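> Have a look at the structure that comes next, please.
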Amino acid sequence: MSITDSRPVLDFVHTTTRHWWWLLVAGITWIVLAVVILRFNVTTVATVAVLFGVYCLLAAANEVATGAIASQGWRVVHWLLAALFTVVAALAFMQPGETFISLAAVMSFYFVFRGVLDIAKAISASSMPGWWVLLLAGLAELVIGFWAAASWSVSVVVLVTWVAAGAMIHGIGEVAAGFMAHDVAR
């Protein structure tokens with residue numbers, strides 16, 4: 001392979017790793033969001049629905065930003081996930097008093113989907129240092145997803161805890177991905 005043949009690959013690596021700090025900022029924001037969610041005094045299902053809607057909007061914005069710096073194949077996956085989050089957020093805001101069993105179902109689906117996505121990203125980046133942190137975050141998201149799917153009829157407090165745990169784990173995964181991208185940039 002000559003230098004001219006590898007130019008598109010080098011351009012992609014430069015474009016992707018140039019914005020490594022965005023992943024770091026997004027990860028820290030997710031971690032702060034998790035702490036804020038746990039500080040709420042949750043007493044109604046409507047409050048949980050609004051919190052969940054805000055969470056989904058932030059997740060959609062994060063997926064759009066991540067998709068903007070991802071490779072072509074991953075870009076489509078991130079943007080489809082962002083569209084799904086936007087629709088779910090709209091539903092949560094339009095009908096906040098609906099049963100939270102549907103919210104638990106959506107959360108379990110999200111954690112399973114996001115966990116599989118993070119595991120796939122970690123395996124594809126297994127040659128980079130720190131890839132295992134993203135793998136552990138993906139496995140934790142997968143476990144939370146299956147746990148949430150098995151217990152849809154639990155209390156509001158547990159649902160809020162799922163949202164906070166998901167935000168925390170996702171934040172840790174984003175920080176790990178940011179540092180991995182930074183290592184590639186160097």
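Chain labels run A, B, ... following the order of the structure tokens; each chain numbers its residues from 1, and ligands are numbered from 1 in the order shown.
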Neighbouring residues of segment 71-87 of chain A were defined as those with any atom within 10 Å, considering only C-alpha atoms; residues of the same chain fewer than 6 positions away were excluded. Please report them as JSON, numbers by chain.
{"A": [12, 13, 15, 16, 53, 54, 55, 56, 57, 58, 59, 60, 61, 62, 63, 64, 65, 106, 110, 113, 114, 117, 121]}
> Can you list, as a compact mmCIF listing (two decimals) with N, CA and C atoms, in the first residue's frame, every protein, DNA or RNA residue that comes within 6 Å of segment 134-148 of chain A when you count only C-alpha atoms, leaving out same-chain residues fewer than 4 positions away?

```
# COMPACT_ATOMS: atom_id res chain seq x y z
N SER A 108 -35.01 -0.50 29.29
CA SER A 108 -34.35 -1.79 29.15
C SER A 108 -33.87 -1.99 27.71
N PHE A 111 -30.72 0.22 27.21
CA PHE A 111 -29.50 -0.31 27.83
C PHE A 111 -28.97 -1.52 27.08
N VAL A 112 -29.85 -2.40 26.62
CA VAL A 112 -29.40 -3.56 25.85
C VAL A 112 -28.77 -3.10 24.54
N GLY A 115 -25.51 -1.19 25.22
CA GLY A 115 -24.49 -2.12 25.68
C GLY A 115 -23.87 -2.90 24.54
N ASP A 118 -21.64 -0.52 22.53
CA ASP A 118 -20.37 -0.23 23.19
C ASP A 118 -19.44 -1.44 23.20
N ILE A 119 -20.00 -2.63 23.34
CA ILE A 119 -19.17 -3.85 23.29
C ILE A 119 -18.56 -4.00 21.89
N ALA A 122 -15.81 -1.50 21.51
CA ALA A 122 -14.63 -1.88 22.29
C ALA A 122 -13.86 -2.99 21.59
N ILE A 169 -22.66 5.03 33.65
CA ILE A 169 -21.91 4.06 32.86
C ILE A 169 -21.61 4.61 31.47
N GLY A 173 -17.95 5.34 29.78
CA GLY A 173 -17.60 4.83 28.44
C GLY A 173 -17.17 5.94 27.50
```
> When you count only C-alpha atoms, which of these residues is closest to Ile69 of chain A: A:Val160, A:Leu23, A:Met180, A:Ala34?
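For Ile69 of chain A, the nearest of the given residues is A:Leu23.
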> For a quick check of understanding, using only C-alpha atoms, which of A:Phe93, A:Phe109, A:Trp30, A:Trp131 has the smallest distance to Ala181 of chain A?
A:Trp131
> In Å, with one decimal, what is the gap from atom CA of Met107 of chain A to atom CA of Gly27 of chain A?
19.1 Å
> Go ahead and compute the interatomic distance for atom CA of Ala125 of chain A and atom CA of Trp162 of chain A, in Å to one decimal.
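Atom CA of Ala125 of chain A sits 27.2 Å away from atom CA of Trp162 of chain A.
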> Would you work out the distance separating atom CA of Val50 of chain A from atom CA of Gln95 of chain A, expressed in Å to one decimal?
9.3 Å
> Determine which residues of segment 67-136 of chain A DSSP labels as helix (DSSP H, G or I) from the backbone of this structure, then write them out as a PyMOL selection string.
chain A and resi 67-69+72-94+100-124+131-136
> Smallest atom-to-atom distance to Ile31 of chain A: which of A:Val163, A:Met168, A:Ala149, A:Val88, using only C-alpha atoms?
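When distances to Ile31 of chain A are compared using only C-alpha atoms, the smallest one comes from A:Met168.
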